[in-house]
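Participant: Quick one: the structure is below, and I'll ask about it shortly.
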Amino acid sequence: MNINWCYPLKLPFAFAHEIGHVIHGDQHTTAKTKLAKKQEKAADLYAVGLIWAIV
C-alpha cells in the first residue's frame with residue numbers, strides 16, 4: 001500500500017480490499033484469469049462489507 005497515493009480518500013477502501021485478499025487466502029496473480037477476476041470481486045465485496053460494518 002502506498003499512503004502517498006494520488007487518491008487519499010480511496011485509501012480506506014484499498015486497504016480493506018487488501019485485507020479481503022488476506023482473509024480469503026488469495027495468491028498474488030497479475031494474470032487476468034477467471035480466478036483472478038473472481039478474487040478481485042470477492043475482495044471488493046469484503047471491503048464494502050467491512051466498511052459498512054464500521055460505519
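Each chain in the C-alpha cells gets a letter, A, B, ..., in the order shown, and its residues are numbered from 1; ligands are numbered from 1 in order too.
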Excluding Ala42 in chain A and its own-chain neighbours fewer than 2 positions away, which residues fall within 9 Å of it when counting only C-alpha atoms? Please give them as an MDAnalysis selection string.

Facilitator: chainID A and resid 17 20:21 24 37:40 44:47
